[in-house]
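K.L.:
Provided below: target.cif, containing mmCIF, C-alpha atoms and all ligand atoms.
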```cif
data_upload
#
loop_
_atom_site.label_atom_id
_atom_site.label_comp_id
_atom_site.auth_asym_id
_atom_site.auth_seq_id
_atom_site.Cartn_x
_atom_site.Cartn_y
_atom_site.Cartn_z
CA MET A 1 103.98 98.88 81.84
CA VAL A 2 106.44 96.19 80.82
CA LEU A 3 109.93 97.66 81.18
CA LYS A 4 112.13 94.76 80.21
CA GLN A 5 112.23 91.02 79.62
CA LYS A 6 115.32 88.89 79.74
CA ASN A 7 116.58 85.35 79.97
CA LEU A 8 118.17 83.99 83.12
CA ALA A 9 120.20 81.02 81.93
CA ASP A 10 121.06 79.65 85.36
CA GLU A 11 120.80 80.31 89.08
CA ALA A 12 123.86 82.54 88.94
CA ALA A 13 122.04 84.85 86.52
CA THR A 14 119.11 85.08 88.93
CA ARG A 15 121.50 85.88 91.76
CA ALA A 16 123.29 88.52 89.66
CA LEU A 17 119.96 90.17 88.98
CA GLY A 18 119.13 90.31 92.69
CA ALA A 19 122.52 91.83 93.47
CA ALA A 20 122.17 94.38 90.65
CA LEU A 21 118.91 95.68 92.13
CA ALA A 22 120.43 96.39 95.55
CA PRO A 23 122.20 99.69 94.72
CA VAL A 24 119.06 101.29 93.25
CA LEU A 25 116.73 100.25 96.06
CA ARG A 26 115.34 103.10 98.18
CA GLN A 27 113.44 103.44 101.42
CA GLY A 28 109.71 102.95 100.78
CA ASP A 29 110.23 100.76 97.72
CA VAL A 30 108.18 97.63 97.18
CA ILE A 31 109.37 94.82 94.92
CA ARG A 32 106.69 92.29 94.04
CA LEU A 33 108.32 88.93 93.33
CA GLU A 34 105.86 86.95 91.25
CA GLY A 35 106.11 83.46 89.81
CA ASP A 36 105.14 79.87 90.48
CA LEU A 37 106.58 77.61 93.14
CA GLY A 38 110.29 77.19 92.47
CA ALA A 39 110.46 80.04 89.96
CA GLY A 40 113.43 81.62 91.73
CA LYS A 41 111.84 84.34 93.86
CA SER A 42 113.74 83.45 97.04
CA THR A 43 116.97 82.97 95.10
CA LEU A 44 116.68 86.53 93.79
CA ALA A 45 115.66 87.90 97.21
CA ARG A 46 118.57 86.15 98.95
CA ALA A 47 121.08 87.71 96.56
CA LEU A 48 119.55 91.16 96.99
CA ILE A 49 119.61 90.78 100.78
CA ALA A 50 123.26 89.70 100.69
CA ALA A 51 124.26 92.63 98.48
CA LEU A 52 122.40 95.22 100.56
CA THR A 53 122.90 93.94 104.11
CA GLY A 54 125.85 91.55 103.97
CA VAL A 55 123.70 88.70 105.29
CA GLU A 56 124.54 85.58 103.26
CA GLY A 57 122.17 82.63 102.98
CA ALA A 58 119.08 84.44 104.20
CA PRO A 59 116.36 81.93 105.08
CA SER A 60 113.17 81.76 103.06
CA PRO A 61 110.33 83.14 105.22
CA THR A 62 108.22 80.13 104.24
CA PHE A 63 106.81 79.60 107.72
CA THR A 64 107.66 82.86 109.51
CA LEU A 65 106.11 84.76 106.55
CA VAL A 66 108.51 87.67 107.12
CA GLU A 67 112.19 88.21 107.89
CA THR A 68 113.75 91.62 108.54
CA TYR A 69 117.28 92.88 107.93
CA ASP A 70 119.25 96.04 108.73
CA GLY A 71 120.56 97.79 105.64
CA PRO A 72 123.09 100.61 105.71
CA ASP A 73 120.45 103.31 105.22
CA PHE A 74 117.11 101.60 105.88
CA PRO A 75 115.77 98.19 106.88
CA LEU A 76 114.90 95.50 104.36
CA TRP A 77 111.81 93.34 104.93
CA HIS A 78 111.29 90.07 103.05
CA PHE A 79 107.78 88.61 103.02
CA ASP A 80 106.66 85.23 101.66
CA LEU A 81 102.86 85.36 101.75
CA TYR A 82 102.19 81.93 100.23
CA ARG A 83 100.81 80.67 103.54
CA LEU A 84 98.96 83.85 104.51
CA GLU A 85 95.40 82.78 105.34
CA ALA A 86 93.58 86.10 104.91
CA PRO A 87 94.83 89.32 103.30
CA ASP A 88 94.24 91.42 106.43
CA ASP A 89 96.52 89.11 108.45
CA VAL A 90 99.43 90.88 106.76
CA TRP A 91 98.99 93.93 109.01
CA GLU A 92 99.87 91.77 112.03
CA LEU A 93 103.13 90.93 110.29
CA GLY A 94 104.03 94.64 110.28
CA LEU A 95 103.36 95.54 106.66
CA GLU A 96 102.62 99.16 107.59
CA GLU A 97 105.99 99.58 109.30
CA ALA A 98 107.68 98.01 106.29
CA LEU A 99 105.95 100.31 103.82
CA ASP A 100 106.73 103.37 105.96
CA GLY A 101 110.35 102.93 106.74
CA ALA A 102 111.90 100.01 104.92
CA ALA A 103 112.31 98.56 101.48
CA THR A 104 110.03 95.57 101.03
CA LEU A 105 110.40 92.39 98.99
CA ILE A 106 107.21 90.35 98.68
CA GLU A 107 106.88 86.81 97.37
CA TRP A 108 103.25 85.92 96.48
CA PRO A 109 102.05 89.56 96.55
CA GLY A 110 98.79 88.39 94.95
CA ARG A 111 97.77 87.22 98.43
CA ILE A 112 97.31 90.89 99.41
CA GLU A 113 96.17 92.33 96.11
CA GLY A 114 94.77 95.82 96.69
CA LEU A 115 96.59 96.40 99.98
CA LEU A 116 99.86 97.54 98.42
CA PRO A 117 100.44 101.15 97.37
CA PRO A 118 101.01 101.91 93.69
CA GLY A 119 104.54 102.35 92.45
CA ALA A 120 105.91 98.88 93.09
CA LEU A 121 108.35 97.15 90.79
CA THR A 122 107.01 93.79 89.67
CA VAL A 123 109.61 91.12 88.94
CA ARG A 124 107.88 88.12 87.35
CA LEU A 125 109.90 84.92 87.04
CA GLN A 126 108.80 82.16 84.71
CA ALA A 127 110.22 78.73 83.98
CA ASP A 128 111.52 78.39 80.43
CA GLY A 129 112.66 74.78 80.12
CA ALA A 130 115.43 74.45 82.71
CA GLU A 131 116.05 78.19 82.49
CA ARG A 132 114.01 81.17 83.62
CA ARG A 133 112.61 84.29 82.02
CA VAL A 134 112.09 87.49 83.92
CA VAL A 135 109.65 90.27 83.11
CA PHE A 136 109.85 93.65 84.82
CA GLU A 137 106.84 95.91 85.19
CA GLY A 138 106.86 99.34 86.79
CA ASP A 139 106.70 103.07 86.28
CA GLU A 140 109.13 105.61 84.78
CA SER A 141 111.09 105.82 88.02
CA TRP A 142 111.75 102.10 87.90
CA LYS A 143 112.62 102.31 84.21
CA ALA A 144 115.34 104.81 85.03
CA ARG A 145 116.55 102.75 87.94
CA LEU A 146 116.73 99.52 85.94
CA GLU A 147 118.87 101.43 83.46
CA ALA A 148 121.05 102.74 86.30
CA ALA A 149 121.38 99.18 87.57
CA GLY A 150 122.54 98.02 84.16
CA ILE A 151 119.49 95.78 83.76
CA ALA A 152 117.47 97.61 81.08
N1 LIG B 1 117.76 81.21 86.14
C1 LIG B 1 117.62 79.98 86.66
N2 LIG B 1 117.75 78.90 85.89
C2 LIG B 1 117.60 77.67 86.41
N3 LIG B 1 117.31 77.42 87.73
C3 LIG B 1 117.18 78.46 88.53
C4 LIG B 1 117.32 79.79 88.06
N4 LIG B 1 117.12 80.64 89.09
C5 LIG B 1 116.86 79.88 90.16
N5 LIG B 1 116.91 78.57 89.84
C6 LIG B 1 116.64 77.40 90.71
O1 LIG B 1 115.25 77.32 90.89
C7 LIG B 1 114.95 77.01 92.23
C8 LIG B 1 114.19 78.18 92.73
O2 LIG B 1 113.94 78.07 94.07
P1 LIG B 1 113.42 79.31 94.91
O3 LIG B 1 113.29 78.82 96.30
O4 LIG B 1 114.25 80.52 94.67
O5 LIG B 1 111.98 79.53 94.25
P2 LIG B 1 110.76 80.38 94.78
O6 LIG B 1 110.21 81.08 93.60
O7 LIG B 1 111.15 81.21 95.94
O8 LIG B 1 109.72 79.28 95.24
P3 LIG B 1 108.57 79.34 96.37
O9 LIG B 1 107.34 79.91 95.71
O10 LIG B 1 108.38 77.89 96.72
O11 LIG B 1 109.06 80.17 97.52
C9 LIG B 1 116.29 76.79 92.93
O12 LIG B 1 116.57 75.42 92.92
C10 LIG B 1 117.27 77.55 92.06
O13 LIG B 1 118.56 76.96 92.05
MG MG B 2 110.43 81.37 97.89
#
```
Can you turn what I pasted into structure tokens?
P.N.:
Amino acid sequence: MVLKQKNLADEAATRALGAALAPVLRQGDVIRLEGDLGAGKSTLARALIAALTGVEGAPSPTFTLVETYDGPDFPLWHFDLYRLEAPDDVWELGLEEALDGAATLIEWPGRIEGLLPPGALTVRLQADGAERRVVFEGDESWKARLEAAGIA
């Protein structure tokens, strides 16, 4: 279900959103980062990674397809599946370990449609002129957590 839509007037707003999600993220969570090329998925992920792990300027996993980080309570895995050739290749990247013990951010989750467990938060970024719009989709748990994060 759609939980919230909002405008992101500039890159700083996208970064603020990523940082705001960090305190409500839990082990086992999956955040699907959807949107076209250049929509702001990595910008949001980078800010979330910085807020949770202290790592600034995290690289986009454009070619490595996945980067992993140590958080205070659980690891954080960041996938970019744009260049994934076949859905099942994602298991070789360690998706199972990520789903079991980490929190997982996934750019281009449509590449592995059907392989992800239910319960993910979808964050869909769309260009709106020079700005962006963001749409959140998720369950009641995510609704409560977006409220706790001051987003909804
Ligand atoms: N709210 C915003 N308004 C305007 N520009 C933005 C906004 N958020 C991010 N940007 C800009 O949009 C670009 C987004 O690049 P980014 O790498 O984050 O996109 P992406 O969705 O990860 O793309 P890809 O699919 O290629 O990985 C950056 O130049 C960033 O500065
Ligand atoms: Mg990206």
K.L.:
Kindly provide, as an mmCIF file with C-alpha atoms, in the frame of the given file, all nucleotide and amino acid residues lying within 8 Å of ligand LIG 1 (chain B), counting all atoms listed in the file.
P.N.:
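What follows is the written file selection-v4.cif:
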```cif
data_model
loop_
_atom_site.group_PDB
_atom_site.id
_atom_site.type_symbol
_atom_site.label_atom_id
_atom_site.label_comp_id
_atom_site.auth_asym_id
_atom_site.auth_seq_id
_atom_site.Cartn_x
_atom_site.Cartn_y
_atom_site.Cartn_z
ATOM 1 C CA ASN A 7 116.580 85.350 79.970
ATOM 2 C CA LEU A 8 118.170 83.990 83.120
ATOM 3 C CA ALA A 9 120.200 81.020 81.930
ATOM 4 C CA ASP A 10 121.060 79.650 85.360
ATOM 5 C CA GLU A 11 120.800 80.310 89.080
ATOM 6 C CA ALA A 12 123.860 82.540 88.940
ATOM 7 C CA ALA A 13 122.040 84.850 86.520
ATOM 8 C CA THR A 14 119.110 85.080 88.930
ATOM 9 C CA ARG A 15 121.500 85.880 91.760
ATOM 10 C CA GLU A 34 105.860 86.950 91.250
ATOM 11 C CA GLY A 35 106.110 83.460 89.810
ATOM 12 C CA ASP A 36 105.140 79.870 90.480
ATOM 13 C CA LEU A 37 106.580 77.610 93.140
ATOM 14 C CA GLY A 38 110.290 77.190 92.470
ATOM 15 C CA ALA A 39 110.460 80.040 89.960
ATOM 16 C CA GLY A 40 113.430 81.620 91.730
ATOM 17 C CA LYS A 41 111.840 84.340 93.860
ATOM 18 C CA SER A 42 113.740 83.450 97.040
ATOM 19 C CA THR A 43 116.970 82.970 95.100
ATOM 20 C CA LEU A 44 116.680 86.530 93.790
ATOM 21 C CA ALA A 45 115.660 87.900 97.210
ATOM 22 C CA SER A 60 113.170 81.760 103.060
ATOM 23 C CA THR A 62 108.220 80.130 104.240
ATOM 24 C CA ASP A 80 106.660 85.230 101.660
ATOM 25 C CA TYR A 82 102.190 81.930 100.230
ATOM 26 C CA GLU A 107 106.880 86.810 97.370
ATOM 27 C CA TRP A 108 103.250 85.920 96.480
ATOM 28 C CA LEU A 125 109.900 84.920 87.040
ATOM 29 C CA ALA A 127 110.220 78.730 83.980
ATOM 30 C CA ALA A 130 115.430 74.450 82.710
ATOM 31 C CA GLU A 131 116.050 78.190 82.490
ATOM 32 C CA ARG A 132 114.010 81.170 83.620
ATOM 33 C CA ARG A 133 112.610 84.290 82.020
#
```
K.L.:
Let me make sure I understand: among A:Leu95, A:Ala103, A:Leu121, A:Leu33, which one has the smallest atom-to-atom distance to ligand MG 2 (chain B) if we use only C-alpha atoms and all ligand atoms?
P.N.:
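Comparing A:Leu95, A:Ala103, A:Leu121, A:Leu33 against ligand MG 2 (chain B), the winner is A:Leu33.
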K.L.:
Quick check, in Å to one decimal: how far apart do atom CA of A:Phe63 and atom CA of A:His78 lie?
P.N.:
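For atom CA of A:Phe63 relative to atom CA of A:His78, the distance reads 12.3 Å.
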K.L.:
Return as CSV the residues of stretch 16-129 of chain A lying at most 10 Å from stretch 135-146 of chain A, together with the closest atom-to-atom pair for each and the distance in Å to one decimal, counting only C-alpha atoms, with rows in chain order and ascending residue number.
P.N.:
```
residue,atom,partner,partner_atom,distance
A:Ala20,CA,A:Leu146,CA,8.8
A:Leu21,CA,A:Leu146,CA,7.6
A:Pro23,CA,A:Arg145,CA,9.3
A:Val24,CA,A:Arg145,CA,6.1
A:Leu25,CA,A:Arg145,CA,8.5
A:Ile31,CA,A:Gly138,CA,9.6
A:Arg32,CA,A:Glu137,CA,9.6
A:Leu33,CA,A:Phe136,CA,9.9
A:Glu34,CA,A:Val135,CA,9.6
A:Pro118,CA,A:Gly138,CA,9.4
A:Gly119,CA,A:Asp139,CA,6.6
A:Ala120,CA,A:Gly138,CA,6.4
A:Leu121,CA,A:Gly138,CA,4.8
A:Thr122,CA,A:Glu137,CA,5.0
A:Val123,CA,A:Phe136,CA,4.8
A:Arg124,CA,A:Val135,CA,5.1
A:Leu125,CA,A:Val135,CA,6.6
A:Gln126,CA,A:Val135,CA,8.3
```
K.L.:
One decimal, in Å: what's the spacing between atom CA of A:Leu81 and atom CA of A:Arg111?
P.N.:
6.4 Å
K.L.:
In Å, with one decimal, what is the gap from atom CA of A:Ile151 to atom CA of A:Gln5?
P.N.:
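Distance reported for this atom pair: 9.6 Å.
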K.L.:
In terms of the shortest atom-to-atom distance over only C-alpha atoms and all ligand atoms, which of A:Leu116, A:Ala152, A:Ala86, A:Val66 is closest to ligand MG 2 (chain B)?
P.N.:
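Going through A:Leu116, A:Ala152, A:Ala86, A:Val66 one by one, the smallest distance to ligand MG 2 (chain B) is for A:Val66.
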K.L.:
Restricting the calculation to all atoms listed in the file, which member of A:Gly94, A:Gly54, A:Gly18, A:Pro61 is positioned closest to ligand MG 2 (chain B)?
P.N.:
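Of A:Gly94, A:Gly54, A:Gly18, A:Pro61, the one nearest ligand MG 2 (chain B) is A:Pro61, counting all atoms listed in the file.
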K.L.:
Considering all atoms listed in the file, return as a short mmCIF file (atom, residue, chain, number, x, y, z; two decimals) with C-alpha atoms, in the coordinates of the input whatever protein or nucleic-acid residues lie within 10 Å of A:Ala98, sequence-local ones (same chain, fewer than 3 positions apart) excluded.
P.N.:
```
data_model
loop_
_atom_site.label_atom_id
_atom_site.label_comp_id
_atom_site.auth_asym_id
_atom_site.auth_seq_id
_atom_site.Cartn_x
_atom_site.Cartn_y
_atom_site.Cartn_z
CA GLN A 27 113.44 103.44 101.42
CA GLY A 28 109.71 102.95 100.78
CA ASP A 29 110.23 100.76 97.72
CA VAL A 30 108.18 97.63 97.18
CA THR A 68 113.75 91.62 108.54
CA PRO A 75 115.77 98.19 106.88
CA LEU A 76 114.90 95.50 104.36
CA TRP A 77 111.81 93.34 104.93
CA HIS A 78 111.29 90.07 103.05
CA PHE A 79 107.78 88.61 103.02
CA TRP A 91 98.99 93.93 109.01
CA LEU A 93 103.13 90.93 110.29
CA GLY A 94 104.03 94.64 110.28
CA LEU A 95 103.36 95.54 106.66
CA GLY A 101 110.35 102.93 106.74
CA ALA A 102 111.90 100.01 104.92
CA ALA A 103 112.31 98.56 101.48
CA THR A 104 110.03 95.57 101.03
CA LEU A 105 110.40 92.39 98.99
#
```
K.L.:
Check the smallest atom-to-atom distance from each of A:Leu99, A:Tyr69, A:Ile112, A:Thr53 to A:Pro87 using only C-alpha atoms, then report the winner.
P.N.:
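Using only C-alpha atoms, the shortest distance to A:Pro87 belongs to A:Ile112.
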